[in-house]
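Below: protein-v2.txt (compact mmCIF, C-alpha atoms (C1' of nucleotides))
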# COMPACT_ATOMS: atom_id res chain seq x y z
CA MET A 1 -11.74 27.80 -21.77
CA ALA A 2 -8.12 27.72 -20.80
CA ARG A 3 -6.79 25.42 -18.13
CA LEU A 4 -6.30 27.45 -15.00
CA ASP A 5 -3.46 25.62 -13.39
CA THR A 6 -2.27 22.40 -14.96
CA ARG A 7 0.45 21.96 -12.39
CA GLN A 8 -2.06 21.99 -9.55
CA GLN A 9 -4.37 19.62 -11.39
CA ILE A 10 -1.53 17.16 -11.89
CA LEU A 11 -0.57 17.43 -8.24
CA ASP A 12 -4.13 16.84 -7.04
CA LEU A 13 -4.66 13.90 -9.38
CA ALA A 14 -1.33 12.35 -8.42
CA GLU A 15 -2.28 12.47 -4.74
CA GLU A 16 -5.65 10.97 -5.53
CA LEU A 17 -3.99 8.15 -7.48
CA ILE A 18 -1.40 7.44 -4.78
CA ARG A 19 -4.16 7.26 -2.22
CA SER A 20 -6.39 5.02 -4.29
CA LYS A 21 -3.95 2.61 -5.99
CA GLY A 22 -0.46 3.40 -4.71
CA TYR A 23 2.53 5.21 -6.21
CA ASN A 24 3.71 2.28 -8.31
CA SER A 25 0.26 1.62 -9.75
CA PHE A 26 -0.25 4.81 -11.75
CA SER A 27 1.57 6.18 -14.78
CA TYR A 28 2.29 9.52 -16.39
CA HIS A 29 0.06 8.34 -19.21
CA GLU A 30 -2.89 7.94 -16.83
CA ILE A 31 -2.40 11.46 -15.54
CA SER A 32 -1.98 13.08 -18.96
CA HIS A 33 -4.88 11.13 -20.44
CA THR A 34 -7.24 12.00 -17.58
CA LEU A 35 -6.39 15.70 -17.71
CA GLY A 36 -6.49 15.85 -21.51
CA VAL A 37 -2.87 16.87 -21.95
CA LYS A 38 0.13 14.99 -23.28
CA ASN A 39 2.73 12.95 -21.47
CA ALA A 40 5.39 15.61 -22.11
CA ALA A 41 3.28 18.32 -20.46
CA VAL A 42 3.31 16.36 -17.21
CA HIS A 43 7.09 15.97 -17.46
CA TYR A 44 7.37 19.73 -18.01
CA HIS A 45 5.82 20.41 -14.59
CA PHE A 46 7.34 17.42 -12.80
CA PRO A 47 10.48 16.23 -14.57
CA THR A 48 10.57 12.84 -12.84
CA LYS A 49 8.01 10.72 -11.07
CA GLU A 50 10.05 10.95 -7.88
CA VAL A 51 9.76 14.75 -7.96
CA LEU A 52 6.02 14.42 -8.44
CA GLY A 53 5.78 12.04 -5.49
CA LEU A 54 7.85 14.37 -3.34
CA GLU A 55 5.69 17.36 -4.19
CA VAL A 56 2.56 15.43 -3.28
CA ILE A 57 3.98 14.77 0.16
CA ARG A 58 5.25 18.32 0.57
CA SER A 59 1.87 19.76 -0.29
CA ALA A 60 0.29 17.42 2.25
CA ILE A 61 2.69 18.78 4.86
CA GLN A 62 1.63 22.32 4.01
CA ARG A 63 -2.01 21.31 4.16
CA PHE A 64 -1.56 19.82 7.62
CA LYS A 65 0.14 23.01 8.82
CA ASP A 66 -2.80 25.00 7.50
CA PHE A 67 -5.15 22.60 9.25
CA LYS A 68 -3.38 23.23 12.54
CA GLU A 69 -3.72 26.98 12.17
CA GLU A 70 -7.33 26.85 11.07
CA THR A 71 -8.44 24.66 13.95
CA ALA A 72 -6.28 26.22 16.67
CA SER A 73 -9.12 28.33 18.06
CA LEU A 74 -11.60 25.47 18.30
CA SER A 75 -12.29 23.47 21.44
CA LEU A 76 -10.19 20.35 21.93
CA GLU A 77 -13.10 18.07 21.15
CA GLU A 78 -13.86 20.04 18.00
CA GLN A 79 -10.21 19.75 16.98
CA LEU A 80 -10.37 15.99 17.43
CA ASP A 81 -13.53 15.85 15.33
CA ALA A 82 -11.94 17.99 12.63
CA PHE A 83 -8.95 15.64 12.58
CA ILE A 84 -11.15 12.55 12.32
CA GLN A 85 -13.09 14.30 9.59
CA THR A 86 -9.99 14.46 7.38
CA TYR A 87 -10.10 10.64 7.19
CA SER A 88 -13.76 10.43 6.47
CA ILE A 89 -15.00 8.28 3.66
CA ASN A 90 -18.18 7.83 1.72
CA SER A 91 -19.14 5.79 -1.32
CA GLU A 92 -17.44 8.19 -3.76
CA ASN A 93 -14.35 8.89 -1.68
CA ASP A 94 -12.52 6.08 -0.05
CA LYS A 95 -8.93 7.19 -0.45
CA VAL A 96 -6.57 5.92 2.20
CA CYS A 97 -4.32 8.37 4.03
CA LEU A 98 -0.81 9.16 2.81
CA VAL A 99 0.80 7.58 5.86
CA GLY A 100 -0.76 4.25 4.96
CA ALA A 101 -0.19 4.56 1.23
CA ILE A 102 3.49 5.43 1.55
CA SER A 103 4.31 3.01 4.34
CA VAL A 104 2.85 -0.02 2.57
CA GLU A 105 4.97 0.56 -0.54
CA PHE A 106 7.89 1.75 1.63
CA TYR A 107 10.59 -0.53 0.21
CA GLY A 108 9.49 0.10 -3.35
CA LEU A 109 9.76 3.89 -3.13
CA PRO A 110 12.62 6.37 -3.60
CA GLU A 111 14.30 6.98 -0.26
CA ASN A 112 13.76 10.68 -0.66
CA MET A 113 10.02 10.17 -0.56
CA THR A 114 10.02 7.96 2.51
CA ASN A 115 12.32 10.38 4.32
CA VAL A 116 10.09 13.38 3.69
CA MET A 117 7.11 11.25 4.69
CA LYS A 118 8.70 10.56 8.06
CA GLY A 119 8.53 14.29 8.70
CA LEU A 120 4.82 14.47 7.97
CA THR A 121 4.15 11.46 10.19
CA ARG A 122 6.00 13.07 13.11
CA LEU A 123 4.12 16.30 12.56
CA ILE A 124 0.77 14.54 12.76
CA HIS A 125 1.77 12.35 15.69
CA ASP A 126 3.11 15.29 17.69
CA TRP A 127 -0.03 17.29 17.11
CA VAL A 128 -2.35 14.46 18.20
CA THR A 129 -0.14 13.75 21.22
CA ASN A 130 -0.34 17.38 22.29
CA LEU A 131 -4.09 17.50 21.75
CA LEU A 132 -4.59 14.42 23.90
CA ALA A 133 -2.25 15.65 26.65
CA MET A 134 -4.09 18.95 26.89
CA GLY A 135 -7.46 17.22 26.77
CA LYS A 136 -6.51 14.86 29.55
CA ALA A 137 -5.25 17.74 31.72
CA GLU A 138 -8.57 19.50 31.17
CA GLY A 139 -10.54 16.35 32.02
CA MET A 140 -11.97 16.30 28.49
CA PHE A 141 -10.35 13.04 27.35
CA ALA A 142 -9.85 9.98 29.56
CA PHE A 143 -7.12 7.40 29.00
CA ASP A 144 -4.66 5.42 31.10
CA MET A 145 -1.39 5.63 29.19
CA LYS A 146 1.11 8.09 27.80
CA PRO A 147 -0.49 10.54 25.37
CA GLU A 148 2.11 9.42 22.78
CA THR A 149 0.78 5.89 22.99
CA LYS A 150 -2.86 6.94 22.80
CA ALA A 151 -1.96 9.10 19.80
CA THR A 152 -0.48 6.08 18.05
CA MET A 153 -3.57 4.08 18.85
CA ILE A 154 -5.94 6.66 17.40
CA ILE A 155 -3.83 7.34 14.31
CA THR A 156 -3.51 3.63 13.55
CA ASN A 157 -7.26 3.19 14.06
CA LEU A 158 -7.91 5.88 11.48
CA ALA A 159 -5.18 4.92 9.02
CA ALA A 160 -6.12 1.25 8.86
CA GLY A 161 -9.78 2.11 9.36
CA VAL A 162 -10.02 3.65 5.90
CA GLN A 163 -8.08 0.68 4.52
CA ILE A 164 -10.19 -2.04 6.05
CA ALA A 165 -13.35 -0.19 4.99
CA ARG A 166 -12.44 -1.14 1.41
CA LEU A 167 -12.58 -4.80 2.40
CA MET A 168 -15.41 -4.73 4.95
CA GLY A 169 -17.54 -1.71 4.05
CA ASN A 170 -17.89 1.86 5.25
CA GLU A 171 -20.09 0.99 8.24
CA THR A 172 -17.01 -0.62 9.74
CA PHE A 173 -15.34 2.77 9.64
CA SER A 174 -18.18 4.77 11.20
CA ASP A 175 -18.50 2.11 13.86
CA LEU A 176 -14.79 2.44 14.55
CA ILE A 177 -15.08 6.20 15.11
CA LYS A 178 -17.67 5.55 17.81
CA GLY A 179 -15.28 3.10 19.44
CA ILE A 180 -12.46 5.63 19.48
CA LYS A 181 -14.67 8.18 21.20
CA THR A 182 -16.02 5.67 23.67
CA ASP A 183 -12.49 4.74 24.73
CA LEU A 184 -11.72 8.44 25.26
CA GLY A 185 -14.67 8.71 27.63
CA LEU A 186 -16.72 10.76 25.17
CA ASN A 187 -20.11 9.53 23.83
CA LYS A 188 -21.63 9.75 27.27
CA MET B 1 21.65 -30.10 -4.53
CA ALA B 2 18.33 -29.93 -6.25
CA ARG B 3 15.75 -27.32 -5.45
CA LEU B 4 13.21 -28.93 -3.21
CA ASP B 5 10.12 -27.00 -4.10
CA THR B 6 10.45 -24.11 -6.49
CA ARG B 7 6.74 -23.47 -6.45
CA GLN B 8 6.73 -23.00 -2.69
CA GLN B 9 9.80 -20.76 -2.83
CA ILE B 10 8.13 -18.53 -5.40
CA LEU B 11 4.98 -18.37 -3.32
CA ASP B 12 6.88 -17.43 -0.17
CA LEU B 13 8.96 -14.81 -1.92
CA ALA B 14 5.92 -13.32 -3.64
CA GLU B 15 4.20 -12.89 -0.29
CA GLU B 16 7.31 -11.33 1.16
CA LEU B 17 7.50 -8.90 -1.75
CA ILE B 18 3.82 -7.97 -1.59
CA ARG B 19 4.19 -7.28 2.10
CA SER B 20 7.35 -5.22 1.76
CA LYS B 21 6.75 -3.22 -1.44
CA GLY B 22 3.29 -4.01 -2.70
CA TYR B 23 1.93 -6.17 -5.53
CA ASN B 24 2.60 -3.62 -8.27
CA SER B 25 6.17 -2.98 -7.13
CA PHE B 26 7.71 -6.37 -7.83
CA SER B 27 8.26 -8.23 -11.08
CA TYR B 28 8.64 -11.78 -12.29
CA HIS B 29 12.24 -10.88 -13.05
CA GLU B 30 12.89 -10.01 -9.39
CA ILE B 31 11.49 -13.35 -8.29
CA SER B 32 13.35 -15.43 -10.87
CA HIS B 33 16.61 -13.55 -10.31
CA THR B 34 16.41 -13.91 -6.52
CA LEU B 35 15.68 -17.63 -6.69
CA GLY B 36 18.27 -18.28 -9.38
CA VAL B 37 15.83 -19.55 -11.97
CA LYS B 38 14.55 -18.04 -15.19
CA ASN B 39 11.52 -15.92 -15.85
CA ALA B 40 9.81 -18.76 -17.75
CA ALA B 41 10.15 -21.09 -14.76
CA VAL B 42 8.08 -18.73 -12.67
CA HIS B 43 5.44 -18.58 -15.40
CA TYR B 44 5.39 -22.37 -15.49
CA HIS B 45 4.26 -22.51 -11.85
CA PHE B 46 2.09 -19.39 -11.92
CA PRO B 47 0.98 -18.63 -15.49
CA THR B 48 -0.07 -15.05 -14.72
CA LYS B 49 0.76 -12.57 -12.00
CA GLU B 50 -2.88 -12.47 -10.98
CA VAL B 51 -2.81 -16.23 -10.32
CA LEU B 52 0.33 -15.77 -8.24
CA GLY B 53 -1.32 -12.98 -6.22
CA LEU B 54 -4.40 -15.11 -5.70
CA GLU B 55 -2.38 -18.08 -4.50
CA VAL B 56 -0.54 -15.87 -2.00
CA ILE B 57 -3.86 -14.82 -0.50
CA ARG B 58 -5.26 -18.35 -0.56
CA SER B 59 -2.23 -19.71 1.25
CA ALA B 60 -2.62 -16.96 3.86
CA ILE B 61 -6.22 -18.07 4.35
CA GLN B 62 -5.06 -21.63 4.91
CA ARG B 63 -2.37 -20.42 7.30
CA PHE B 64 -4.94 -18.51 9.35
CA LYS B 65 -7.18 -21.57 9.55
CA ASP B 66 -4.20 -23.56 10.79
CA PHE B 67 -3.48 -20.84 13.33
CA LYS B 68 -7.03 -21.10 14.65
CA GLU B 69 -6.72 -24.84 15.11
CA GLU B 70 -3.30 -24.69 16.68
CA THR B 71 -4.27 -22.06 19.24
CA ALA B 72 -7.76 -23.35 20.01
CA SER B 73 -6.68 -25.09 23.19
CA LEU B 74 -4.83 -22.08 24.63
CA SER B 75 -6.30 -19.66 27.14
CA LEU B 76 -8.02 -16.61 25.69
CA GLU B 77 -5.21 -14.31 26.73
CA GLU B 78 -2.67 -16.65 25.18
CA GLN B 79 -4.69 -16.71 21.98
CA LEU B 80 -4.68 -12.92 21.90
CA ASP B 81 -0.93 -12.90 22.42
CA ALA B 82 -0.42 -15.46 19.67
CA PHE B 83 -2.49 -13.31 17.33
CA ILE B 84 -0.52 -10.17 18.17
CA GLN B 85 2.65 -12.19 17.70
CA THR B 86 1.80 -12.79 14.04
CA TYR B 87 2.20 -9.04 13.44
CA SER B 88 5.44 -8.76 15.31
CA ILE B 89 8.32 -6.92 13.81
CA ASN B 90 12.00 -6.58 14.41
CA SER B 91 14.84 -4.96 12.53
CA GLU B 92 15.06 -7.76 9.94
CA ASN B 93 11.35 -8.29 9.50
CA ASP B 94 9.04 -5.37 9.09
CA LYS B 95 6.57 -6.72 6.59
CA VAL B 96 3.13 -5.23 6.79
CA CYS B 97 0.12 -7.53 6.97
CA LEU B 98 -1.74 -8.67 3.85
CA VAL B 99 -4.88 -6.76 4.82
CA GLY B 100 -2.95 -3.50 4.74
CA ALA B 101 -0.92 -4.35 1.66
CA ILE B 102 -3.92 -5.37 -0.43
CA SER B 103 -6.26 -2.63 0.75
CA VAL B 104 -3.83 0.20 -0.01
CA GLU B 105 -3.39 -0.91 -3.62
CA PHE B 106 -7.06 -1.94 -3.80
CA TYR B 107 -8.04 -0.02 -6.95
CA GLY B 108 -4.87 -1.07 -8.74
CA LEU B 109 -5.42 -4.81 -8.25
CA PRO B 110 -7.38 -7.49 -10.14
CA GLU B 111 -10.89 -7.71 -8.71
CA ASN B 112 -10.40 -11.41 -8.16
CA MET B 113 -7.65 -10.68 -5.67
CA THR B 114 -9.58 -8.08 -3.70
CA ASN B 115 -12.62 -10.35 -3.56
CA VAL B 116 -10.68 -13.28 -2.14
CA MET B 117 -9.01 -10.87 0.28
CA LYS B 118 -12.41 -9.81 1.60
CA GLY B 119 -12.88 -13.42 2.70
CA LEU B 120 -9.64 -13.49 4.66
CA THR B 121 -10.46 -10.18 6.32
CA ARG B 122 -13.87 -11.47 7.45
CA LEU B 123 -12.26 -14.64 8.73
CA ILE B 124 -9.81 -12.69 10.88
CA HIS B 125 -12.38 -10.19 12.07
CA ASP B 126 -14.87 -12.88 13.05
CA TRP B 127 -12.23 -14.77 14.98
CA VAL B 128 -11.09 -11.71 16.93
CA THR B 129 -14.70 -10.72 17.59
CA ASN B 130 -15.43 -14.12 19.00
CA LEU B 131 -12.31 -14.14 21.11
CA LEU B 132 -13.20 -10.77 22.60
CA ALA B 133 -16.82 -11.73 23.23
CA MET B 134 -15.79 -14.87 25.10
CA GLY B 135 -13.11 -12.98 26.99
CA LYS B 136 -15.55 -10.35 28.10
CA ALA B 137 -18.07 -12.93 29.25
CA GLU B 138 -15.33 -14.58 31.28
CA GLY B 139 -14.25 -11.26 32.79
CA MET B 140 -10.85 -11.63 31.13
CA PHE B 141 -11.11 -8.63 28.77
CA ALA B 142 -12.78 -5.34 29.63
CA PHE B 143 -14.32 -3.00 27.04
CA ASP B 144 -17.46 -0.88 26.71
CA MET B 145 -18.64 -1.53 23.17
CA LYS B 146 -19.73 -4.28 20.82
CA PRO B 147 -17.04 -6.97 20.43
CA GLU B 148 -17.20 -6.35 16.65
CA THR B 149 -16.16 -2.75 17.20
CA LYS B 150 -13.38 -3.62 19.61
CA ALA B 151 -12.15 -6.21 17.12
CA THR B 152 -11.95 -3.54 14.42
CA MET B 153 -10.06 -1.29 16.80
CA ILE B 154 -7.46 -3.92 17.65
CA ILE B 155 -7.03 -5.13 14.08
CA THR B 156 -6.57 -1.57 12.79
CA ASN B 157 -4.09 -0.87 15.61
CA LEU B 158 -2.03 -3.85 14.50
CA ALA B 159 -2.36 -3.39 10.74
CA ALA B 160 -1.38 0.27 10.75
CA GLY B 161 0.99 -0.31 13.66
CA VAL B 162 3.36 -2.31 11.49
CA GLN B 163 3.00 0.33 8.78
CA ILE B 164 3.69 3.36 10.94
CA ALA B 165 6.66 1.56 12.49
CA ARG B 166 8.39 1.95 9.13
CA LEU B 167 8.05 5.71 9.46
CA MET B 168 8.47 6.13 13.21
CA GLY B 169 10.51 3.16 14.39
CA ASN B 170 9.77 -0.21 15.98
CA GLU B 171 9.47 1.18 19.51
CA THR B 172 6.27 2.82 18.36
CA PHE B 173 4.90 -0.64 17.63
CA SER B 174 5.89 -2.25 20.94
CA ASP B 175 4.48 0.75 22.75
CA LEU B 176 1.24 0.33 20.84
CA ILE B 177 0.90 -3.30 21.96
CA LYS B 178 1.07 -2.16 25.57
CA GLY B 179 -1.66 0.37 24.85
CA ILE B 180 -3.94 -2.28 23.35
CA LYS B 181 -3.56 -4.45 26.43
CA THR B 182 -4.06 -1.56 28.80
CA ASP B 183 -7.35 -0.68 27.13
CA LEU B 184 -8.46 -4.30 27.51
CA GLY B 185 -7.85 -4.09 31.23
CA LEU B 186 -4.79 -6.34 31.09
CA ASN B 187 -1.32 -5.12 32.18
CA LYS B 188 -2.51 -4.78 35.76
C1' DG C 1 3.36 25.72 -21.63
C1' DT C 2 2.05 22.24 -24.71
C1' DC C 3 2.82 19.60 -28.66
C1' DT C 4 4.90 15.54 -31.81
C1' DA C 5 8.04 12.19 -32.03
C1' DT C 6 10.95 9.04 -30.30
C1' DA C 7 14.48 6.57 -27.41
C1' DC C 8 15.21 3.14 -24.22
C1' DC C 9 14.09 -0.01 -20.65
C1' DT C 10 11.17 -3.12 -18.02
C1' DT C 11 7.09 -5.54 -17.84
C1' DG C 12 4.17 -9.80 -18.18
C1' DA C 13 3.81 -13.47 -21.15
C1' DT C 14 4.56 -17.34 -24.86
C1' DA C 15 6.85 -20.96 -28.05
C1' DG C 16 9.57 -24.60 -28.38
C1' DA C 17 14.07 -27.19 -27.31
C1' DC C 18 16.07 -30.03 -23.69
C1' DG D 1 10.47 -28.59 -14.76
C1' DT D 2 13.68 -25.49 -16.58
C1' DC D 3 15.91 -23.45 -20.29
C1' DT D 4 16.76 -19.94 -24.52
C1' DA D 5 14.77 -16.78 -27.23
C1' DT D 6 11.56 -13.60 -28.28
C1' DC D 7 7.39 -10.65 -28.19
C1' DA D 8 4.10 -6.74 -27.70
C1' DA D 9 2.81 -3.43 -24.57
C1' DG D 10 3.59 -0.15 -21.43
C1' DG D 11 6.76 2.49 -18.51
C1' DT D 12 9.70 6.89 -17.69
C1' DA D 13 12.01 10.27 -19.89
C1' DT D 14 14.01 13.62 -23.53
C1' DA D 15 14.60 16.69 -27.87
C1' DG D 16 12.97 20.05 -30.41
C1' DA D 17 9.05 22.49 -32.98
C1' DC D 18 5.21 25.62 -32.10
Take the structure from the file and write it as C-alpha cells.
Amino acid sequence: MARLDTRQQILDLAEELIRSKGYNSFSYHEISHTLGVKNAAVHYHFPTKEVLGLEVIRSAIQRFKDFKEETASLSLEEQLDAFIQTYSINSENDKVCLVGAISVEFYGLPENMTNVMKGLTRLIHDWVTNLLAMGKAEGMFAFDMKPETKATMIITNLAAGVQIARLMGNETFSDLIKGIKTDLGLNK
Amino acid sequence: MARLDTRQQILDLAEELIRSKGYNSFSYHEISHTLGVKNAAVHYHFPTKEVLGLEVIRSAIQRFKDFKEETASLSLEEQLDAFIQTYSINSENDKVCLVGAISVEFYGLPENMTNVMKGLTRLIHDWVTNLLAMGKAEGMFAFDMKPETKATMIITNLAAGVQIARLMGNETFSDLIKGIKTDLGLNK
DNA sequence: GTCTATACCTTGATAGAC
DNA sequence: GTCTATCAAGGTATAGAC
C-alpha cells in the first residue's frame, strides 16, 4: 500500500511535535523514523527545518480561515463553542496551541517564523474581538470592557489553559471553560 | 576582580534562557560563552543539563515561598498587585513565566523536571485561590464562581498574557491587567 | 519521490593538568 | 574552581544513484 501523501503526513506530524514538545525539541530523524521514510525524504519535501516550521504555521492560517467560513452561519454562541472546541483536550490529545508553542520559544526561532505567526495571532484575535462585539450588541454576551480586551482575556485563558492542564490535570481545563462562560453571563 | 559566585550566575542565566527561548533551545556553550568561562566550568557546578533545569525550578520554588512571606502583611489588593507585578514586562524584559515555558516543552523534558514543576504550579495556584477566597469573603474581590476556578482564570491570563505580548505587543499585556481587575470588581 | 552515503557542526559530557 | 583537550552522539543538510 503506497503512501498517499508523504508531504502532508510530514506536515501534520511536525505540527503535532511542535505542539507537544516545541520546535527545537524534535528532529528530522524523529519525523522520518516515525513515518517509516528516510531523513533525505523529509528534506526533499521541506529543504530546511525553517521551511517546515513556516509551512506548519501557514497551514494553520489556512485552517483558521476555513474555520471562519464553516462557522459563519452558526449562532454567535455556537461560534464561541466551536472556537473553544478547537482547544479541547483529552487524555490522548493535550497539544498546546500554536500561539503558545511559538511564543514560548520566540527568541530561539527563525524570525521568519515568528513574523508569520504574528499574522495568525492577529487573525484569531480580530475574529474573537468581532464575535464578542456582535454578541454584546445582541445582548448575548455580557462584559464591561472593550471587546479587544475581553478577546485577549479569553484567548489567554484558552492558550495557557491547555498548558497548565499538563501540570494540573484536564479537570482544570474543563473547569476553566465554565468560568469563561460564567464571566460572559452564559451558564444561567 | 574575581567572579563572586559563578554557580549563581549560571543559575540566573539558565533561568533567563529557559524563559526566553525554552530549555531545549540553549546550550552549555551559550552559558559558558556569555559568562566568560569554559564549558567544563559549567559542568563542574551542574554536572548534567537536567540537574541545571531542576535547580532552576527549585530556586523558583524558593523564590515564591519568599514572596509569600514578604507580602503576607500587605492588604489583599496589594498582594494581588505584587503577584501581577512578578509577570510584568517591558521592552527589555519579556520573559515568559516558568509555568508556560515548562508546560509548552512538557513532552520534550526530563520527567524529573516536569514533576518538580507540578509542585510549583500547585503552590502558586493554592496561594492565588486562597487570596481570592479571602478577598471575596471580605467583599474586596467580586466573582461568581469557585475561587479555584477564578485562580485558574487569572493565572492563565497572566501566563499567556506575557506570551501573546511577544506576538501582539506589550500594550496587549497592560490592557489585559486592566481587564482582570475589572472582572474582579476593582477599577471602580 | 525515495534511497544510501556522507559531510559538517553542535551538543552534552568527561579526564586530567593546574 | 577553572582550564585544555577530547569524545561520542545527534543535529541539519547535501550529492547522487535508483
request  = Pick out the residues sitting within 12 Å of DA7 in chain C, and hand them over as number ranges by chain; count all atoms listed in the file, and ignore anything fewer than 3 positions along from it in its own chain.
outcome  = D: 12-15
task = With all atoms listed in the file counted, which protein, DNA or RNA residues have an atom no more than 10 Å from (6.4, -19.9, -24.3) in the file frame? Please answer as number ranges by chain.
result = B: 40, 43-44; C: 13-16; D: 5-6
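Note that the spacing between CA of Phe106 in chain B and CA of Lys118 in chain B amounts to 10.9 Å.
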task = Figure out the distance between CA of Ile89 in chain B and CA of Asn115 in chain A, please, to one decimal in Å.
result = 20.1 Å
task = Identify the residues within 10 Å of coordinate (4.1, -10.0, 5.5) (same frame as the file), considering all atoms listed in the file, and give the answer as a PyMOL selection string.
result = chain B and resi 12+14-20+60+86-89+93-101+162
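Minimum atom-to-atom distance to Asp5 in chain B, evaluated using all atoms listed in the file, belongs to B:His45 out of B:His45, B:Ser91, B:Ile61, B:Ile102.
Between CA of Leu131 in chain B and CA of Lys65 in chain B there is a distance of 14.7 Å.
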